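A.B. asks: Got upload_10.cif for you, mmCIF, C-alpha atoms:
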```cif
data_model
loop_
_atom_site.label_atom_id
_atom_site.label_comp_id
_atom_site.auth_asym_id
_atom_site.auth_seq_id
_atom_site.Cartn_x
_atom_site.Cartn_y
_atom_site.Cartn_z
CA MET D 144 77.95 89.65 127.35
CA ARG D 145 80.41 87.03 126.16
CA GLU D 146 77.73 85.24 124.09
CA LEU D 147 77.13 88.44 122.14
CA GLN D 148 80.82 89.14 121.52
CA ALA D 149 81.20 85.60 120.17
CA TYR D 150 78.22 86.16 117.90
CA ILE D 151 79.60 89.43 116.61
CA ARG D 152 83.01 87.89 115.90
CA LYS D 153 81.47 84.88 114.16
CA GLU D 154 78.63 86.50 112.24
CA GLY D 155 79.58 90.18 111.92
CA GLN D 156 81.16 91.42 108.71
CA VAL D 157 83.49 94.38 109.04
CA LEU D 158 82.97 96.20 105.75
CA SER D 159 85.16 99.20 106.66
CA GLU D 160 86.52 100.93 109.76
CA GLN D 161 83.04 102.43 110.20
CA VAL D 162 80.57 99.85 108.91
CA LEU D 163 79.75 96.58 110.69
CA LYS D 164 77.16 94.35 109.12
CA VAL D 165 75.26 92.31 111.71
CA ASN D 166 72.18 91.52 109.68
CA SER D 167 72.35 87.74 110.09
CA PHE D 168 71.24 87.89 113.75
CA LEU D 169 70.43 91.47 114.81
CA ASN D 170 68.81 93.74 112.25
CA HIS D 171 67.46 91.83 109.26
CA GLN D 172 67.45 88.15 110.15
CA VAL D 173 67.00 87.86 113.92
CA ASP D 174 67.98 85.14 116.39
CA PRO D 175 65.10 85.38 118.90
CA ASP D 176 66.87 83.48 121.72
CA LEU D 177 69.86 85.82 121.59
CA ILE D 178 67.63 88.90 121.56
CA MET D 179 65.55 87.55 124.45
CA ASN D 180 68.75 87.05 126.47
CA ILE D 181 69.79 90.59 125.63
CA GLY D 182 66.38 91.87 126.73
CA LYS D 183 66.67 90.02 130.04
CA THR D 184 70.16 91.38 130.61
CA ILE D 185 68.97 94.95 130.01
CA ALA D 186 65.94 94.42 132.27
CA GLU D 187 68.10 93.04 135.12
CA ARG D 188 70.23 96.15 135.01
CA TYR D 189 67.24 98.49 135.27
CA GLN D 190 64.79 96.49 137.37
CA ASP D 191 65.07 98.89 140.32
CA ALA D 192 65.30 102.13 138.33
CA GLY D 193 61.57 102.86 138.29
CA ILE D 194 61.34 102.69 134.47
CA THR D 195 57.74 103.17 133.31
CA LYS D 196 58.29 102.90 129.56
CA ILE D 197 60.84 101.80 127.00
CA VAL D 198 61.20 103.91 123.87
CA THR D 199 62.88 103.01 120.58
CA ILE D 200 62.79 103.94 116.88
CA GLU D 201 61.42 101.76 114.12
CA ALA D 202 62.52 99.42 112.73
CA SER D 203 65.69 97.83 114.07
CA GLY D 204 65.13 98.72 117.72
CA ILE D 205 61.68 97.15 117.98
CA HIS D 206 62.50 93.53 118.79
CA ILE D 207 65.15 94.57 121.30
CA ALA D 208 62.78 97.01 122.98
CA PHE D 209 60.13 94.29 123.03
CA ALA D 210 62.44 91.76 124.71
CA ALA D 211 63.52 94.30 127.32
CA ALA D 212 59.96 95.55 127.92
CA LEU D 213 58.62 92.01 128.31
CA SER D 214 61.33 91.24 130.88
CA LEU D 215 60.89 94.52 132.72
CA GLY D 216 57.07 94.36 132.71
CA VAL D 217 56.49 97.77 131.10
CA PRO D 218 55.04 98.85 127.73
CA PHE D 219 57.25 100.13 124.96
CA VAL D 220 56.70 102.76 122.29
CA TYR D 221 58.43 102.90 118.94
CA ALA D 222 58.86 106.26 117.25
CA LYS D 223 57.54 106.19 113.70
CA LYS D 224 59.53 107.40 110.77
CA SER D 225 56.73 108.77 108.63
CA LYS D 226 53.28 110.10 109.30
CA ALA D 227 50.52 107.64 108.43
CA ILE D 228 46.91 108.60 107.83
CA THR D 229 45.84 106.60 110.86
CA GLN D 230 48.02 108.71 113.17
CA SER D 231 46.58 111.87 114.69
CA ASN D 232 48.23 115.26 114.40
CA GLU D 233 48.84 115.22 118.11
CA VAL D 234 52.43 114.01 117.93
CA HIS D 235 55.81 115.01 119.24
CA ALA D 236 58.25 115.22 116.33
CA ALA D 237 61.99 115.58 115.70
CA SER D 238 64.27 115.50 112.68
CA VAL D 239 66.94 112.81 112.49
CA TYR D 240 69.81 112.52 110.04
CA SER D 241 70.65 108.93 109.17
CA PHE D 242 74.33 108.47 108.34
CA THR D 243 73.61 104.95 107.05
CA ARG D 244 70.87 106.04 104.68
CA GLN D 245 72.31 109.54 104.14
CA GLN D 246 68.98 111.28 104.49
CA THR D 247 66.99 113.26 107.01
CA TYR D 248 63.69 111.86 108.21
CA GLN D 249 61.15 112.77 110.83
CA ILE D 250 60.37 110.67 113.87
CA THR D 251 57.12 111.03 115.74
CA ILE D 252 55.54 109.74 118.94
CA SER D 253 51.87 110.33 119.74
CA LYS D 254 51.53 112.69 122.68
CA GLU D 255 49.16 110.31 124.44
CA PHE D 256 51.94 107.72 124.89
CA LEU D 257 54.52 109.88 126.66
CA ASN D 258 53.78 112.10 129.61
CA SER D 259 55.56 113.99 132.33
CA ASP D 260 55.30 111.08 134.80
CA ASP D 261 57.22 108.70 132.54
CA LYS D 262 60.70 107.49 133.39
CA VAL D 263 62.11 106.29 130.09
CA LEU D 264 64.76 103.81 129.05
CA ILE D 265 65.79 104.23 125.40
CA VAL D 266 66.73 100.93 123.74
CA ASP D 267 68.25 100.51 120.30
CA ASP D 268 70.33 98.10 118.25
CA ILE D 269 73.43 100.18 117.57
CA LEU D 270 74.86 103.41 119.00
CA ALA D 271 77.07 105.13 116.42
CA GLU D 272 76.73 108.89 115.90
CA GLY D 273 73.75 108.99 118.25
CA ALA D 274 71.45 110.80 115.80
CA GLY D 275 68.43 108.66 116.66
CA VAL D 276 68.93 109.09 120.40
CA ARG D 277 69.30 112.84 119.92
CA GLY D 278 65.93 112.91 118.15
CA LEU D 279 64.28 110.88 120.91
CA ARG D 280 65.73 113.20 123.56
CA GLU D 281 64.15 116.18 121.79
CA ILE D 282 60.81 114.40 121.85
CA MET D 283 61.20 113.55 125.53
CA GLU D 284 62.02 117.12 126.42
CA GLU D 285 58.84 118.21 124.65
CA ALA D 286 56.91 115.55 126.53
CA GLY D 287 58.53 116.53 129.82
CA CYS D 288 59.45 112.99 130.74
CA GLU D 289 62.65 111.79 132.34
CA LEU D 290 65.34 109.89 130.45
CA ILE D 291 66.89 107.39 132.87
CA ALA D 292 69.40 105.72 130.54
CA VAL D 293 70.19 104.52 127.05
CA SER D 294 70.83 100.83 126.40
CA VAL D 295 72.11 99.43 123.11
CA VAL D 296 73.20 96.05 121.85
CA ILE D 297 76.36 97.32 120.13
CA GLU D 298 78.19 100.57 120.71
CA LYS D 299 80.75 101.73 118.20
CA SER D 300 82.71 103.56 120.85
CA PHE D 301 84.94 105.33 118.32
CA GLN D 302 81.99 107.27 116.90
CA ASN D 303 80.38 110.31 118.53
CA GLY D 304 77.21 108.93 120.12
CA ARG D 305 78.77 107.68 123.34
CA LYS D 306 80.70 110.89 123.95
CA MET D 307 77.59 112.99 123.34
CA LEU D 308 75.67 110.99 125.98
CA ASP D 309 78.60 111.00 128.44
CA ASP D 310 78.83 114.80 128.06
CA ALA D 311 75.10 115.11 128.72
CA GLY D 312 75.42 112.96 131.86
CA ILE D 313 73.15 110.22 130.52
CA PRO D 314 74.09 106.68 131.59
CA VAL D 315 74.76 104.31 128.68
CA TYR D 316 74.63 100.53 128.95
CA ALA D 317 76.07 98.85 125.86
CA LEU D 318 76.18 95.05 125.80
CA ALA D 319 79.13 95.06 123.41
CA ARG D 320 81.52 97.99 122.98
CA ILE D 321 83.72 98.14 119.93
CA ALA D 322 86.93 100.11 120.41
CA SER D 323 87.98 99.83 116.77
CA MET D 324 87.59 97.60 113.76
CA SER D 325 88.91 97.07 110.27
CA PRO D 326 88.49 94.44 107.56
CA GLU D 327 92.16 93.49 108.04
CA LYS D 328 92.46 93.38 111.82
CA GLY D 329 88.86 92.48 112.73
CA ILE D 330 87.12 93.77 115.84
CA GLU D 331 88.67 95.00 119.06
CA PHE D 332 86.19 95.07 121.94
CA ILE D 333 86.42 97.20 125.05
CA THR D 334 86.49 94.54 127.73
CA GLU D 335 85.08 94.85 131.22
CA GLU D 336 88.58 95.28 132.65
CA THR D 337 89.29 98.21 130.34
CA ILE D 338 86.17 100.09 131.36
CA LYS D 339 86.21 99.28 135.08
CA GLY D 340 86.87 102.92 135.81
CA ASP D 341 83.72 104.34 134.21
CA MET D 342 81.14 101.68 135.02
CA MET F 545 41.44 84.95 121.28
CA ARG F 546 38.92 86.46 123.66
CA GLU F 547 41.62 88.55 125.41
CA LEU F 548 42.47 90.19 122.09
CA GLN F 549 38.86 90.91 121.15
CA ALA F 550 38.36 92.56 124.54
CA TYR F 551 41.50 94.65 123.95
CA ILE F 552 40.32 95.73 120.52
CA ARG F 553 36.88 96.70 121.84
CA LYS F 554 38.35 98.61 124.77
CA GLU F 555 41.38 100.26 123.14
CA GLY F 556 40.63 100.32 119.41
CA GLN F 557 39.27 103.48 117.84
CA VAL F 558 37.06 103.01 114.79
CA LEU F 559 37.83 106.11 112.75
CA SER F 560 35.75 105.06 109.73
CA GLU F 561 34.30 101.92 108.19
CA GLN F 562 37.82 101.19 106.89
CA VAL F 563 40.23 102.56 109.49
CA LEU F 564 40.80 101.01 112.92
CA LYS F 565 43.37 102.65 115.18
CA VAL F 566 45.04 100.16 117.50
CA ASN F 567 48.17 102.10 118.28
CA SER F 568 47.80 102.01 122.06
CA PHE F 569 48.74 98.31 122.27
CA LEU F 570 49.66 96.92 118.83
CA ASN F 571 51.51 99.20 116.44
CA HIS F 572 52.93 102.27 118.18
CA GLN F 573 52.71 101.69 121.91
CA VAL F 574 52.95 97.94 122.52
CA ASP F 575 51.73 95.76 125.38
CA PRO F 576 54.48 93.10 125.51
CA ASP F 577 52.47 90.53 127.52
CA LEU F 578 49.61 90.61 125.04
CA ILE F 579 51.99 90.28 122.08
CA MET F 580 53.85 87.41 123.76
CA ASN F 581 50.52 85.59 124.27
CA ILE F 582 49.70 86.18 120.62
CA GLY F 583 53.10 84.83 119.60
CA LYS F 584 52.56 81.70 121.71
CA THR F 585 49.10 81.18 120.21
CA ILE F 586 50.49 81.41 116.67
CA ALA F 587 53.37 79.08 117.54
CA GLU F 588 51.02 76.46 119.03
CA ARG F 589 49.04 76.41 115.83
CA TYR F 590 52.12 75.81 113.67
CA GLN F 591 54.36 73.78 115.96
CA ASP F 592 54.05 70.66 113.79
CA ALA F 593 54.06 72.37 110.39
CA GLY F 594 57.82 72.17 109.86
CA ILE F 595 58.24 75.97 109.74
CA THR F 596 61.92 76.93 109.34
CA LYS F 597 61.55 80.70 109.27
CA ILE F 598 59.08 83.46 110.04
CA VAL F 599 58.98 86.41 107.67
CA THR F 600 57.44 89.84 108.21
CA ILE F 601 57.77 93.45 106.99
CA GLU F 602 59.18 96.32 109.01
CA ALA F 603 58.04 97.95 111.17
CA SER F 604 54.74 96.90 112.69
CA GLY F 605 55.15 93.16 112.11
CA ILE F 606 58.49 92.87 113.89
CA HIS F 607 57.47 92.41 117.52
CA ILE F 608 54.73 89.96 116.55
CA ALA F 609 57.13 87.95 114.38
CA PHE F 610 59.64 88.01 117.23
CA ALA F 611 57.13 86.66 119.76
CA ALA F 612 56.04 83.89 117.39
CA ALA F 613 59.62 83.02 116.38
CA LEU F 614 60.77 82.87 120.00
CA SER F 615 57.89 80.50 120.84
CA LEU F 616 58.41 78.38 117.74
CA GLY F 617 62.21 78.22 118.09
CA VAL F 618 63.04 79.52 114.60
CA PRO F 619 64.70 82.69 113.33
CA PHE F 620 62.69 85.46 111.72
CA VAL F 621 63.51 87.87 108.91
CA TYR F 622 61.97 91.28 108.41
CA ALA F 623 61.78 92.70 104.91
CA LYS F 624 63.29 96.17 104.76
CA LYS F 625 61.50 99.09 103.22
CA SER F 626 64.45 100.97 101.81
CA LYS F 627 67.93 100.02 100.71
CA ALA F 628 70.62 100.93 103.22
CA ILE F 629 74.31 101.24 102.41
CA THR F 630 75.08 98.33 104.71
CA GLN F 631 72.85 96.01 102.69
CA SER F 632 74.38 94.16 99.76
CA ASN F 633 72.94 94.28 96.25
CA GLU F 634 72.14 90.62 96.54
CA VAL F 635 68.54 91.05 97.57
CA HIS F 636 65.12 89.82 96.51
CA ALA F 637 62.85 92.83 95.95
CA ALA F 638 59.19 93.60 95.35
CA SER F 639 57.06 96.73 95.06
CA VAL F 640 54.28 97.26 97.59
CA TYR F 641 51.53 99.86 97.52
CA SER F 642 50.56 101.07 100.98
CA PHE F 643 46.90 102.12 101.18
CA THR F 644 47.52 103.66 104.61
CA ARG F 645 50.43 105.79 103.47
CA GLN F 646 49.19 106.11 99.88
CA GLN F 647 52.58 105.47 98.34
CA THR F 648 54.53 102.69 96.68
CA TYR F 649 57.71 101.47 98.33
CA GLN F 650 60.14 98.66 97.78
CA ILE F 651 60.64 95.77 100.18
CA THR F 652 63.81 93.71 100.12
CA ILE F 653 65.18 90.57 101.75
CA SER F 654 68.82 89.53 101.41
CA LYS F 655 69.11 86.40 99.31
CA GLU F 656 71.28 84.73 101.95
CA PHE F 657 68.35 84.65 104.42
CA LEU F 658 65.79 82.82 102.28
CA ASN F 659 66.47 79.68 100.35
CA SER F 660 64.65 76.87 98.60
CA ASP F 661 64.64 74.65 101.71
CA ASP F 662 62.73 77.19 103.79
CA LYS F 663 59.16 76.62 104.90
CA VAL F 664 57.88 80.06 105.76
CA LEU F 665 55.17 81.44 108.00
CA ILE F 666 54.35 85.08 107.23
CA VAL F 667 53.34 87.05 110.33
CA ASP F 668 51.97 90.59 110.39
CA ASP F 669 49.89 92.93 112.52
CA ILE F 670 46.93 93.59 110.23
CA LEU F 671 45.60 91.96 107.06
CA ALA F 672 43.61 94.49 105.03
CA GLU F 673 44.15 94.68 101.27
CA GLY F 674 47.00 92.17 101.51
CA ALA F 675 49.51 94.35 99.62
CA GLY F 676 52.37 93.53 101.97
CA VAL F 677 51.70 89.80 101.84
CA ARG F 678 51.51 89.97 98.05
CA GLY F 679 54.98 91.56 97.99
CA LEU F 680 56.38 88.92 100.34
CA ARG F 681 54.91 86.16 98.18
CA GLU F 682 56.73 87.59 95.14
CA ILE F 683 59.98 87.52 97.08
CA MET F 684 59.36 83.94 98.22
CA GLU F 685 58.66 82.80 94.69
CA GLU F 686 61.97 84.33 93.62
CA ALA F 687 63.69 82.57 96.52
CA GLY F 688 61.95 79.29 95.72
CA CYS F 689 60.81 78.72 99.28
CA GLU F 690 57.48 77.39 100.43
CA LEU F 691 54.81 79.56 102.04
CA ILE F 692 53.02 77.44 104.64
CA ALA F 693 50.55 80.01 105.98
CA VAL F 694 49.90 83.63 106.85
CA SER F 695 49.11 84.62 110.44
CA VAL F 696 47.95 88.06 111.49
CA VAL F 697 46.74 89.65 114.70
CA ILE F 698 43.75 91.41 113.14
CA GLU F 699 42.06 90.65 109.86
CA LYS F 700 39.66 93.17 108.37
CA SER F 701 37.67 90.45 106.66
CA PHE F 702 35.65 92.94 104.60
CA GLN F 703 38.76 94.05 102.69
CA ASN F 704 40.42 92.10 99.89
CA GLY F 705 43.44 90.47 101.54
CA ARG F 706 41.67 87.45 102.97
CA LYS F 707 39.85 86.67 99.72
CA MET F 708 43.09 86.95 97.74
CA LEU F 709 44.76 84.40 100.03
CA ASP F 710 41.72 82.09 100.08
CA ASP F 711 41.69 82.17 96.27
CA ALA F 712 45.40 81.31 96.19
CA GLY F 713 44.83 78.39 98.57
CA ILE F 714 47.03 79.85 101.29
CA PRO F 715 45.87 79.12 104.87
CA VAL F 716 45.25 82.24 106.96
CA TYR F 717 45.19 82.28 110.74
CA ALA F 718 43.82 85.55 112.10
CA LEU F 719 43.53 85.95 115.86
CA ALA F 720 40.71 88.46 115.50
CA ARG F 721 38.51 88.74 112.43
CA ILE F 722 36.47 91.87 111.93
CA ALA F 723 33.32 91.38 109.83
CA SER F 724 32.45 95.06 109.78
CA MET F 725 32.89 98.24 111.77
CA SER F 726 31.71 101.82 111.95
CA PRO F 727 32.15 104.71 114.38
CA GLU F 728 28.41 104.50 115.17
CA LYS F 729 27.93 100.74 115.57
CA GLY F 730 31.41 99.76 116.71
CA ILE F 731 33.06 96.46 115.77
CA GLU F 732 31.42 93.22 114.73
CA PHE F 733 33.76 90.24 115.02
CA ILE F 734 33.48 86.99 113.13
CA THR F 735 33.12 84.54 116.00
CA GLU F 736 34.41 80.97 116.04
CA GLU F 737 30.88 79.68 115.54
CA THR F 738 30.40 81.72 112.39
CA ILE F 739 33.57 80.42 110.76
CA LYS F 740 33.34 76.80 111.91
CA GLY F 741 32.82 75.76 108.30
CA ASP F 742 36.10 77.09 106.93
CA MET F 743 38.55 76.40 109.77
#
```
As a first step, turn the structure in this file into structure tokens.

C.D. replies:
Amino acid sequence: MRELQAYIRKEGQVLSEQVLKVNSFLNHQVDPDLIMNIGKTIAERYQDAGITKIVTIEASGIHIAFAAALSLGVPFVYAKKSKAITQSNEVHAASVYSFTRQQTYQITISKEFLNSDDKVLIVDDILAEGAGVRGLREIMEEAGCELIAVSVVIEKSFQNGRKMLDDAGIPVYALARIASMSPEKGIEFITEETIKGDM
Amino acid sequence: MRELQAYIRKEGQVLSEQVLKVNSFLNHQVDPDLIMNIGKTIAERYQDAGITKIVTIEASGIHIAFAAALSLGVPFVYAKKSKAITQSNEVHAASVYSFTRQQTYQITISKEFLNSDDKVLIVDDILAEGAGVRGLREIMEEAGCELIAVSVVIEKSFQNGRKMLDDAGIPVYALARIASMSPEKGIEFITEETIKGDM
């Protein structure tokens, strides 16, 4: 998605070789037109895959999951990060370590919203170490549903999440793939040409 | 919104006179078509109000804010509930007590995303005691921006949030207003006829 790459170059702040701040359009302030286009692009890719449900984690995956779910015509579920009084004990749960926040938290999905007939597309804002996706996979294994693919807005390809999913044989669709970045040199994207072999 | 009232009657679970569970379509699993219709309805109401930004709190307000922002053609910002490494210290902050989770947390919005020119519409899923809205109002006062109105999907009119906003002279647009509820008697809505006087 050229529009997205342009956005990332213009608005993204490379704070270090690991940390990219994209909170002016993706995960704090949000440009709804851009996100809707991203949702449509994800939905086009998976329109014939038999997806029954999109799954994400609160909070920064929600609007992206919504845009994709609206375009695909399926419901979405967001895993919750802490157990509220209004939630029943009948939940699937997994522990997730957040590298950004440097803490472990629990994610839960009510058992009633995932079942063994579901074909799931996981959607999220950023794929880095893949900790969130790992937690969701645990939950899906418990629920007995099928994970069709993982789709993210930005993949930091130099971190471990992509490799983990490749090794597990799970298709990944990232709308922008970052090969490397630094405050001095900026962002180097993996272009379509570069990845022709593995698409 | 008749469609919404029907949804709440069909899908909502009244756990007590205070607690309504709507997590099958609103705040855990989400029906994207319903939420998009809600967003359009909110946007129609405020299309001539000069809104420059929609503001909500993560997580359960995000998809509703997104749908309204997309329809209104403005960006939205979601207040974050904890301070991540990738967020600068330049934030507006407020403390919020969650009655559902029975704990106090901090909400923050980066100063760069709210300024004194902004005319803000707050959007959220449920208005109960109004603690979240109170926190957002504190942040907006710090930022010097103008709060035009508060719009929520469901208002529990028997709790204190609505009265607090009425007393402060802030317009509230709730798509479904619940006068009272109990597991035995179900839900009693405030109908349009009943509230003709104060619309």

A.B. asks: Please expand the PyMOL selection byres ((chain F) within 7 of (chain D)) into the concrete residues it hits in this file, giving the result as a ChimeraX atom specification.

C.D. replies: /F:565,572-577,602-603,606-607,610,613-614,619-622,628-630,644-645,657

A.B. asks: Can you work out the spacing between CA of Ile722 in chain F and CA of Asp668 in chain F in Å, to one decimal?

C.D. replies: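 Value for the CA of Ile722 in chain F-CA of Asp668 in chain F distance: 15.6 Å.
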
A.B. asks: Identify, on the basis of all atoms listed in the file, every residue whose closest approach to Ser695 in chain F does not exceed 7 Å; exclude the query and any residue fewer than 4 positions from it along the same chain; express the result as a PyMOL selection string.

C.D. replies: chain F and resi 666-668+716-718

A.B. asks: One decimal, in Å: what's the spacing between CA of Asp309 in chain D and CA of Glu281 in chain D?

C.D. replies: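 One can read the CA of Asp309 in chain D to CA of Glu281 in chain D distance as 16.7 Å.
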
A.B. asks: The PyMOL selection byres ((chain D and resi 324) around 12) - which residues does that actually catch in the file I just gave you? List them as a list in words.

C.D. replies: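 When the PyMOL selection byres ((chain D and resi 324) around 12) is applied to the shown file, the picked residues are Ile151, Arg152, Gly155, Gln156, Val157, Leu158, Ser159, Glu160, Gln161, Val162, Leu163, Lys164, Lys299, Ser300, Phe301, Gln302, Arg320, Ile321, Ala322, Ser323, Ser325, Pro326, Glu327, Lys328, Gly329, Ile330, Glu331, Phe332 and Ile333 of chain D.
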
A.B. asks: Pull out every residue that the PyMOL selection byres ((chain F and resi 594) around 12) matches in the shown coordinates and put them as a VMD selection string.

C.D. replies: chain F and resid 587 589 to 593 595 to 598 616 to 618 661 to 665 690 to 693

A.B. asks: Do you know which residues are at most 9 Å from Gly674 in chain F counting only C-alpha atoms, after dropping those on the same chain fewer than 5 positions away, and could you put them as a ChimeraX atom specification?

C.D. replies: /F:679,703-706,708-709

A.B. asks: Just the number, please: distance in Å from CA of Glu686 in chain F to CA of Ile586 in chain F, one decimal.

C.D. replies: 25.9 Å

A.B. asks: From the options F:Gln549, F:Asn581, F:Ser639, F:Thr735, which residue's atoms come nearest to Ile651 in chain F, counting all atoms listed in the file?

C.D. replies: F:Ser639

A.B. asks: Add whatever atoms are absent from range 186-211 of chain D to reach N, CA and C atoms, and provide the output as a compact mmCIF listing (two decimals), keeping the file's coordinate frame.

C.D. replies:
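Contents of part12.txt, as written:
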```txt
# COMPACT_ATOMS: atom_id res chain seq x y z
N ALA D 186 66.97 94.28 131.24
CA ALA D 186 65.94 94.42 132.27
C ALA D 186 66.53 94.23 133.66
N GLU D 187 67.46 93.26 133.82
CA GLU D 187 68.10 93.04 135.12
C GLU D 187 68.81 94.30 135.61
N ARG D 188 69.49 94.94 134.66
CA ARG D 188 70.23 96.15 135.01
C ARG D 188 69.31 97.27 135.52
N TYR D 189 68.10 97.35 134.96
CA TYR D 189 67.24 98.49 135.27
C TYR D 189 65.99 98.12 136.07
N GLN D 190 66.01 96.94 136.69
CA GLN D 190 64.79 96.49 137.37
C GLN D 190 64.41 97.36 138.57
N ASP D 191 65.37 98.06 139.15
CA ASP D 191 65.07 98.89 140.32
C ASP D 191 65.14 100.39 140.00
N ALA D 192 65.12 100.72 138.72
CA ALA D 192 65.30 102.13 138.33
C ALA D 192 63.99 102.88 138.16
N GLY D 193 62.87 102.19 138.39
CA GLY D 193 61.57 102.86 138.29
C GLY D 193 61.13 103.18 136.87
N ILE D 194 61.69 102.47 135.89
CA ILE D 194 61.34 102.69 134.47
C ILE D 194 59.83 102.44 134.28
N THR D 195 59.16 103.37 133.60
CA THR D 195 57.74 103.17 133.31
C THR D 195 57.50 102.82 131.84
N LYS D 196 58.49 103.12 130.99
CA LYS D 196 58.29 102.90 129.56
C LYS D 196 59.62 102.79 128.85
N ILE D 197 59.67 101.89 127.87
CA ILE D 197 60.84 101.80 127.00
C ILE D 197 60.49 102.46 125.68
N VAL D 198 61.43 103.21 125.14
CA VAL D 198 61.20 103.91 123.87
C VAL D 198 62.30 103.53 122.89
N THR D 199 61.91 103.30 121.63
CA THR D 199 62.88 103.01 120.58
C THR D 199 62.41 103.67 119.29
N ILE D 200 63.17 103.43 118.20
CA ILE D 200 62.79 103.94 116.88
C ILE D 200 62.60 102.75 115.95
N GLU D 201 61.56 102.82 115.11
CA GLU D 201 61.42 101.76 114.12
C GLU D 201 62.58 101.83 113.14
N ALA D 202 63.05 100.73 112.54
CA ALA D 202 62.52 99.42 112.73
C ALA D 202 63.46 98.57 113.59
N SER D 203 64.76 98.82 113.54
CA SER D 203 65.69 97.83 114.07
C SER D 203 65.80 97.83 115.60
N GLY D 204 65.13 98.76 116.26
CA GLY D 204 65.13 98.72 117.72
C GLY D 204 63.94 97.97 118.30
N ILE D 205 62.97 97.64 117.47
CA ILE D 205 61.68 97.15 117.98
C ILE D 205 61.79 95.83 118.73
N HIS D 206 62.45 94.84 118.14
CA HIS D 206 62.50 93.53 118.79
C HIS D 206 63.33 93.58 120.06
N ILE D 207 64.32 94.44 120.10
CA ILE D 207 65.15 94.57 121.30
C ILE D 207 64.36 95.26 122.40
N ALA D 208 63.65 96.32 122.02
CA ALA D 208 62.78 97.01 122.98
C ALA D 208 61.71 96.06 123.51
N PHE D 209 61.16 95.24 122.62
CA PHE D 209 60.13 94.29 123.03
C PHE D 209 60.69 93.32 124.07
N ALA D 210 61.85 92.74 123.79
CA ALA D 210 62.44 91.76 124.71
C ALA D 210 62.73 92.39 126.07
N ALA D 211 63.23 93.62 126.06
CA ALA D 211 63.52 94.30 127.32
C ALA D 211 62.23 94.67 128.05
```
